[in-house]
$ cat work.json   # JSON, C-alpha atoms
[["chain", "number", "residue", "atom", "x", "y", "z"],
["A", 384, "MET", "CA", 0.00, 0.00, 0.00],
["A", 385, "ASN", "CA", 1.38, 3.37, -1.03],
["A", 386, "ILE", "CA", 0.93, 6.14, 1.50],
["A", 387, "ALA", "CA", 1.49, 9.88, 1.34],
["A", 388, "ILE", "CA", 2.62, 11.81, 4.39],
["A", 389, "PHE", "CA", 1.40, 15.41, 4.57],
["A", 390, "VAL", "CA", 3.61, 17.75, 6.62],
["A", 391, "SER", "CA", 4.16, 21.42, 7.39],
["A", 392, "GLY", "CA", 7.12, 21.46, 9.74],
["A", 393, "SER", "CA", 10.36, 19.86, 10.83],
["A", 394, "GLY", "CA", 9.23, 16.33, 10.08],
["A", 395, "THR", "CA", 10.37, 14.21, 13.02],
["A", 396, "ASN", "CA", 7.17, 12.14, 12.77],
["A", 397, "CYS", "CA", 7.51, 12.00, 8.99],
["A", 398, "GLU", "CA", 11.04, 10.63, 9.26],
["A", 399, "ASN", "CA", 9.96, 8.21, 11.97],
["A", 400, "LEU", "CA", 7.20, 6.86, 9.69],
["A", 401, "ILE", "CA", 9.52, 6.55, 6.69],
["A", 402, "ARG", "CA", 12.10, 4.66, 8.74],
["A", 403, "HIS", "CA", 9.41, 2.44, 10.30],
["A", 404, "PHE", "CA", 8.17, 1.32, 6.87],
["A", 405, "GLU", "CA", 11.41, 1.37, 4.87],
["A", 406, "HIS", "CA", 11.76, -2.44, 4.94],
["A", 407, "SER", "CA", 8.06, -3.26, 4.91],
["A", 408, "ASP", "CA", 6.61, -5.51, 2.23],
["A", 409, "GLU", "CA", 3.11, -4.17, 2.88],
["A", 410, "VAL", "CA", 3.53, -0.40, 3.19],
["A", 411, "LYS", "CA", 5.57, 2.10, 1.21],
["A", 412, "CYS", "CA", 5.97, 5.81, 1.99],
["A", 413, "ALA", "CA", 5.62, 6.85, -1.63],
["A", 414, "LEU", "CA", 5.30, 10.64, -1.32],
["A", 415, "VAL", "CA", 5.75, 13.46, 1.17],
["A", 416, "VAL", "CA", 3.59, 16.52, 0.53],
["A", 417, "SER", "CA", 4.11, 19.88, 2.19],
["A", 418, "ASN", "CA", 2.38, 23.23, 2.06],
["A", 419, "LYS", "CA", 5.68, 24.90, 3.00],
["A", 420, "ALA", "CA", 8.67, 24.92, 0.67],
["A", 421, "ASP", "CA", 11.03, 25.41, 3.61],
["A", 422, "ALA", "CA", 9.64, 22.56, 5.73],
["A", 423, "TYR", "CA", 12.60, 20.54, 7.01],
["A", 424, "ALA", "CA", 10.44, 17.43, 6.58],
["A", 425, "LEU", "CA", 11.16, 17.70, 2.83],
["A", 426, "VAL", "CA", 14.91, 17.47, 3.47],
["A", 427, "ARG", "CA", 14.38, 14.46, 5.74],
["A", 428, "ALA", "CA", 12.25, 12.72, 3.09],
["A", 429, "GLU", "CA", 14.69, 13.43, 0.26],
["A", 430, "ARG", "CA", 17.61, 12.10, 2.32],
["A", 431, "LEU", "CA", 15.65, 8.88, 2.78],
["A", 432, "GLY", "CA", 14.83, 8.62, -0.92],
["A", 433, "VAL", "CA", 11.15, 9.52, -0.72],
["A", 434, "PRO", "CA", 9.77, 11.81, -3.45],
["A", 435, "THR", "CA", 8.40, 15.16, -2.29],
["A", 436, "ALA", "CA", 5.93, 17.74, -3.54],
["A", 437, "VAL", "CA", 5.30, 21.30, -2.39],
["A", 438, "ILE", "CA", 1.75, 22.52, -2.85],
["A", 439, "THR", "CA", 0.12, 25.91, -2.54],
["A", 440, "LYS", "CA", -3.19, 26.53, -0.79],
["A", 441, "GLN", "CA", -4.75, 26.91, -4.24],
["A", 442, "GLN", "CA", -3.37, 23.54, -5.35],
["A", 443, "LEU", "CA", -4.53, 21.85, -2.13],
["A", 444, "ASN", "CA", -8.04, 23.11, -2.77],
["A", 445, "SER", "CA", -8.03, 22.00, -6.42],
["A", 446, "PRO", "CA", -9.18, 18.44, -7.11],
["A", 447, "ASP", "CA", -7.86, 18.84, -10.66],
["A", 448, "GLU", "CA", -4.33, 19.31, -9.30],
["A", 449, "MET", "CA", -4.22, 17.21, -6.11],
["A", 450, "LEU", "CA", -5.96, 14.05, -7.25],
["A", 451, "PRO", "CA", -3.68, 13.54, -10.30],
["A", 452, "LEU", "CA", -0.61, 14.19, -8.10],
["A", 453, "LEU", "CA", -1.70, 11.49, -5.66],
["A", 454, "GLN", "CA", -2.72, 9.13, -8.49],
["A", 455, "ASN", "CA", 0.72, 9.53, -10.12],
["A", 456, "TYR", "CA", 2.26, 8.00, -7.00],
["A", 457, "GLY", "CA", -0.45, 5.37, -6.54],
["A", 458, "ILE", "CA", -1.44, 6.84, -3.18],
["A", 459, "GLU", "CA", -4.02, 4.76, -1.35],
["A", 460, "PHE", "CA", -3.83, 6.33, 2.11],
["A", 461, "ILE", "CA", -2.84, 9.71, 3.60],
["A", 462, "VAL", "CA", -1.19, 10.32, 6.96],
["A", 463, "LEU", "CA", -1.16, 13.85, 8.35],
["A", 464, "ALA", "CA", 1.95, 14.31, 10.47],
["A", 465, "GLY", "CA", 1.97, 17.94, 11.48],
["A", 466, "PHE", "CA", 0.05, 19.21, 8.45],
["A", 467, "LEU", "CA", -1.56, 22.52, 9.37],
["A", 468, "PRO", "CA", -4.08, 23.36, 6.61],
["A", 469, "LEU", "CA", -7.58, 21.92, 6.77],
["A", 470, "VAL", "CA", -8.00, 19.01, 4.39],
["A", 471, "PRO", "CA", -10.60, 19.94, 1.75],
["A", 472, "SER", "CA", -13.83, 17.95, 1.61],
["A", 473, "TYR", "CA", -13.19, 16.57, -1.90],
["A", 474, "LEU", "CA", -10.01, 14.88, -0.62],
["A", 475, "ILE", "CA", -11.84, 13.38, 2.36],
["A", 476, "GLU", "CA", -14.50, 12.07, -0.04],
["A", 477, "ALA", "CA", -11.84, 10.65, -2.39],
["A", 478, "PHE", "CA", -10.14, 8.86, 0.53],
["A", 479, "PRO", "CA", -13.01, 7.81, 2.84],
["A", 480, "ARG", "CA", -11.62, 6.64, 6.20],
["A", 481, "LYS", "CA", -8.21, 6.64, 4.55],
["A", 482, "ILE", "CA", -6.85, 9.88, 5.98],
["A", 483, "ILE", "CA", -5.63, 9.96, 9.57],
["A", 484, "ASN", "CA", -4.16, 12.71, 11.69],
["A", 485, "LEU", "CA", -1.89, 12.94, 14.70],
["A", 486, "HIS", "CA", -2.96, 15.51, 17.29],
["A", 487, "PRO", "CA", -0.72, 16.51, 20.23],
["A", 488, "ALA", "CA", -3.40, 16.35, 22.92],
["A", 489, "LEU", "CA", -6.10, 14.09, 24.25],
["A", 490, "LEU", "CA", -9.03, 14.99, 22.03],
["A", 491, "PRO", "CA", -11.71, 16.23, 22.36],
["A", 492, "LYS", "CA", -9.81, 18.59, 24.67],
["A", 493, "PHE", "CA", -7.53, 21.16, 23.05],
["A", 494, "GLY", "CA", -8.59, 20.54, 19.47],
["A", 495, "GLY", "CA", -9.97, 22.64, 16.66],
["A", 496, "LYS", "CA", -8.85, 25.69, 14.76],
["A", 497, "GLY", "CA", -5.60, 27.19, 15.97],
["A", 498, "MET", "CA", -4.81, 24.25, 18.22],
["A", 499, "TRP", "CA", -1.53, 22.90, 16.88],
["A", 500, "GLY", "CA", 2.03, 22.57, 18.12],
["A", 501, "HIS", "CA", 3.02, 24.81, 20.99],
["A", 502, "HIS", "CA", -0.46, 26.37, 21.13],
["A", 503, "VAL", "CA", -1.79, 23.02, 22.34],
["A", 504, "HIS", "CA", 0.90, 22.55, 24.98],
["A", 505, "GLU", "CA", 0.42, 26.13, 26.23],
["A", 506, "ALA", "CA", -3.32, 25.47, 26.58],
["A", 507, "VAL", "CA", -2.66, 22.21, 28.46],
["A", 508, "LYS", "CA", -0.35, 24.06, 30.88],
["A", 509, "ALA", "CA", -2.78, 26.98, 31.33],
["A", 510, "ALA", "CA", -5.61, 24.57, 32.14],
["A", 511, "GLY", "CA", -3.54, 22.89, 34.87],
["A", 512, "GLU", "CA", -3.99, 19.46, 33.35],
["A", 513, "THR", "CA", -2.48, 16.50, 35.22],
["A", 514, "GLU", "CA", -1.96, 14.54, 32.01],
["A", 515, "THR", "CA", -1.58, 15.06, 28.31],
["A", 516, "GLY", "CA", -1.06, 12.76, 25.39],
["A", 517, "MET", "CA", -1.48, 12.16, 21.72],
["A", 518, "THR", "CA", -4.50, 11.24, 19.66],
["A", 519, "VAL", "CA", -4.65, 9.53, 16.28],
["A", 520, "HIS", "CA", -7.98, 10.06, 14.55],
["A", 521, "TYR", "CA", -9.71, 9.82, 11.20],
["A", 522, "VAL", "CA", -9.97, 13.08, 9.30],
["A", 523, "THR", "CA", -13.45, 14.46, 8.67],
["A", 524, "PRO", "CA", -14.64, 17.90, 7.54],
["A", 525, "VAL", "CA", -14.80, 18.87, 11.25],
["A", 526, "CYS", "CA", -11.33, 20.01, 12.42],
["A", 527, "ASP", "CA", -10.03, 17.41, 14.91],
["A", 528, "GLY", "CA", -13.54, 15.94, 15.06],
["A", 529, "GLY", "CA", -13.04, 12.54, 13.45],
["A", 530, "GLU", "CA", -13.37, 9.18, 15.16],
["A", 531, "ILE", "CA", -10.53, 8.49, 17.58],
["A", 532, "ILE", "CA", -8.36, 5.50, 16.63],
["A", 533, "ALA", "CA", -5.90, 5.54, 19.54],
["A", 534, "GLN", "CA", -4.79, 7.70, 22.44],
["A", 535, "PHE", "CA", -1.71, 7.50, 24.63],
["A", 536, "ARG", "CA", -1.29, 9.40, 27.89],
["A", 537, "VAL", "CA", 1.52, 10.75, 30.01],
["A", 538, "ALA", "CA", 1.36, 12.25, 33.50],
["A", 539, "LEU", "CA", 2.24, 15.89, 34.07],
["A", 540, "SER", "CA", 3.50, 17.59, 37.18],
["A", 541, "PRO", "CA", 2.69, 21.17, 38.20],
["A", 542, "ASP", "CA", 6.38, 21.97, 37.70],
["A", 543, "ASP", "CA", 6.39, 20.95, 34.03],
["A", 544, "THR", "CA", 7.03, 23.84, 31.67],
["A", 545, "VAL", "CA", 5.35, 24.12, 28.28],
["A", 546, "ASP", "CA", 8.56, 22.73, 26.76],
["A", 547, "ASP", "CA", 8.50, 19.79, 29.23],
["A", 548, "ILE", "CA", 4.91, 19.06, 28.22],
["A", 549, "ALA", "CA", 5.84, 19.20, 24.54],
["A", 550, "GLU", "CA", 8.79, 16.84, 25.06],
["A", 551, "LYS", "CA", 6.73, 14.30, 27.03],
["A", 552, "GLU", "CA", 4.03, 14.31, 24.37],
["A", 553, "HIS", "CA", 6.56, 14.08, 21.54],
["A", 554, "MET", "CA", 8.12, 11.00, 23.12],
["A", 555, "LEU", "CA", 4.69, 9.33, 22.92],
["A", 556, "GLU", "CA", 4.48, 10.23, 19.22],
["A", 557, "MET", "CA", 7.90, 8.74, 18.48],
["A", 558, "GLU", "CA", 7.02, 5.52, 20.27],
["A", 559, "HIS", "CA", 3.43, 4.95, 19.20],
["A", 560, "PHE", "CA", 2.51, 6.81, 15.99],
["A", 561, "PRO", "CA", 4.17, 4.46, 13.45],
["A", 562, "LYS", "CA", 2.70, 1.41, 15.18],
["A", 563, "VAL", "CA", -0.82, 2.88, 15.13],
["A", 564, "VAL", "CA", -0.47, 3.81, 11.45],
["A", 565, "GLU", "CA", 0.70, 0.28, 10.69],
["A", 566, "GLN", "CA", -2.22, -1.28, 12.59],
["A", 567, "VAL", "CA", -4.72, 0.88, 10.69],
["A", 568, "LEU", "CA", -3.15, 0.07, 7.31],
["A", 569, "LEU", "CA", -2.91, -3.66, 7.92],
["A", 570, "ALA", "CA", -6.55, -3.77, 9.00],
["A", 571, "LEU", "CA", -7.75, -2.41, 5.62]]

$ encode --input "work.json" --output "structure tokens"
Amino acid sequence: MNIAIFVSGSGTNCENLIRHFEHSDEVKCALVVSNKADAYALVRAERLGVPTAVITKQQLNSPDEMLPLLQNYGIEFIVLAGFLPLVPSYLIEAFPRKIINLHPALLPKFGGKGMWGHHVHEAVKAAGETETGMTVHYVTPVCDGGEIIAQFRVALSPDDTVDDIAEKEHMLEMEHFPKVVEQVLLAL
């Protein structure tokens, strides 16, 4: 199964996924797509031999441009790994229950528009939460509203800084995200 990884940032999860599947007979990371030309994830992907594509907002919202791009690489499944733009409805319809997202909090808390990266961890700290975690969910037209596939938790202490919270959550991503993606793909 050929998957595309959509990214906007540094790409630690993207690289982790590529490395996880690089010797798989069932899954191939066939394309990395970014909405940012300077996303370090593109460098990581190219170093690991995975083709990349940079898309504009206009291209993302154009079925006539995105669907042929994905078809050219035989993409059957999309993994969002730090991809910030909302996925357009036509793409969700073209890949029903075949687009999943990683969110750096325990949804439904701290989800929705504007809740990404450090914004999430700042909100977790401000709320005085005693735990945080990561959520993997299906993508629907509702931002961070899709069915939850898996969640992993980590305890927080009142002394944890926003950076401590981010690091604890990121460790969960590194450990669990590729395994969850693999379980979803192998169950198709």

$ closest_residue --input "work.json" --among "A:Ile475, A:Met517, A:Val415, A:Val545" --to "Gly529 (chain A)" --atoms "only C-alpha atoms"
A:Ile475

$ atom_distance --input "work.json" --atom1 "CA of Val564 (chain A)" --atom2 "CA of His406 (chain A)"
15.2 Å

$ closest_residue --input "work.json" --among "A:Met557, A:Leu489, A:Val567, A:Ala533" --to "Leu400 (chain A)" --atoms "all atoms listed in the file"
A:Met557

$ closest_residue --input "work.json" --among "A:Leu453, A:Val390, A:Ile531, A:Leu443" --to "Lys419 (chain A)" --atoms "all atoms listed in the file"
A:Val390

$ closest_residue --input "work.json" --among "A:His559, A:His553, A:Asn418, A:Leu450" --to "Ala436 (chain A)" --atoms "only C-alpha atoms"
A:Asn418

$ closest_residue --input "work.json" --among "A:His501, A:Lys508, A:Lys496, A:His486" --to "Ile532 (chain A)" --atoms "all atoms listed in the file"
A:His486

$ atom_distance --input "work.json" --atom1 "CA of Leu539 (chain A)" --atom2 "CA of Lys551 (chain A)"
8.5 Å

$ atom_distance --input "work.json" --atom1 "CA of Ser391 (chain A)" --atom2 "CA of Asp421 (chain A)"
8.8 Å

$ closest_residue --input "work.json" --among "A:Val470, A:Val416, A:Cys526, A:Ala510" --to "Val433 (chain A)" --atoms "all atoms listed in the file"
A:Val416

$ residues_near_point --input "work.json" --point "(-9.1, 20.9, 23.4)" --cutoff "12 Å" --atoms "all atoms listed in the file" --output "ChimeraX atom specification"
/A:486-499,502-510,512,515-518,526-528

$ residues_near_point --input "work.json" --point "(14.3, 7.0, 3.2)" --cutoff "12 Å" --atoms "only C-alpha atoms" --output "PDB file with C-alpha atoms, keeping the file's coordinate frame"
ATOM      1  CA  CYS A 397       7.510  12.000   8.990  1.00  0.00           C
ATOM      2  CA  GLU A 398      11.040  10.630   9.260  1.00  0.00           C
ATOM      3  CA  ASN A 399       9.960   8.210  11.970  1.00  0.00           C
ATOM      4  CA  LEU A 400       7.200   6.860   9.690  1.00  0.00           C
ATOM      5  CA  ILE A 401       9.520   6.550   6.690  1.00  0.00           C
ATOM      6  CA  ARG A 402      12.100   4.660   8.740  1.00  0.00           C
ATOM      7  CA  HIS A 403       9.410   2.440  10.300  1.00  0.00           C
ATOM      8  CA  PHE A 404       8.170   1.320   6.870  1.00  0.00           C
ATOM      9  CA  GLU A 405      11.410   1.370   4.870  1.00  0.00           C
ATOM     10  CA  HIS A 406      11.760  -2.440   4.940  1.00  0.00           C
ATOM     11  CA  LYS A 411       5.570   2.100   1.210  1.00  0.00           C
ATOM     12  CA  CYS A 412       5.970   5.810   1.990  1.00  0.00           C
ATOM     13  CA  ALA A 413       5.620   6.850  -1.630  1.00  0.00           C
ATOM     14  CA  LEU A 414       5.300  10.640  -1.320  1.00  0.00           C
ATOM     15  CA  VAL A 415       5.750  13.460   1.170  1.00  0.00           C
ATOM     16  CA  ALA A 424      10.440  17.430   6.580  1.00  0.00           C
ATOM     17  CA  LEU A 425      11.160  17.700   2.830  1.00  0.00           C
ATOM     18  CA  VAL A 426      14.910  17.470   3.470  1.00  0.00           C
ATOM     19  CA  ARG A 427      14.380  14.460   5.740  1.00  0.00           C
ATOM     20  CA  ALA A 428      12.250  12.720   3.090  1.00  0.00           C
ATOM     21  CA  GLU A 429      14.690  13.430   0.260  1.00  0.00           C
ATOM     22  CA  ARG A 430      17.610  12.100   2.320  1.00  0.00           C
ATOM     23  CA  LEU A 431      15.650   8.880   2.780  1.00  0.00           C
ATOM     24  CA  GLY A 432      14.830   8.620  -0.920  1.00  0.00           C
ATOM     25  CA  VAL A 433      11.150   9.520  -0.720  1.00  0.00           C
ATOM     26  CA  PRO A 434       9.770  11.810  -3.450  1.00  0.00           C
ATOM     27  CA  THR A 435       8.400  15.160  -2.290  1.00  0.00           C
TER      28      THR A 435
END

$ residues_around --input "work.json" --residues "Ser472 (chain A)" --least-positions-apart "5" --cutoff "9 Å" --atoms "all atoms listed in the file" --output "number ranges by chain"
A: 444, 477, 523-524

$ residues_around --input "work.json" --residues "Phe460 (chain A)" --least-positions-apart "2" --cutoff "9 Å" --atoms "all atoms listed in the file" --output "PyMOL selection string"
chain A and resi 384-388+458+462+478+480-483+568
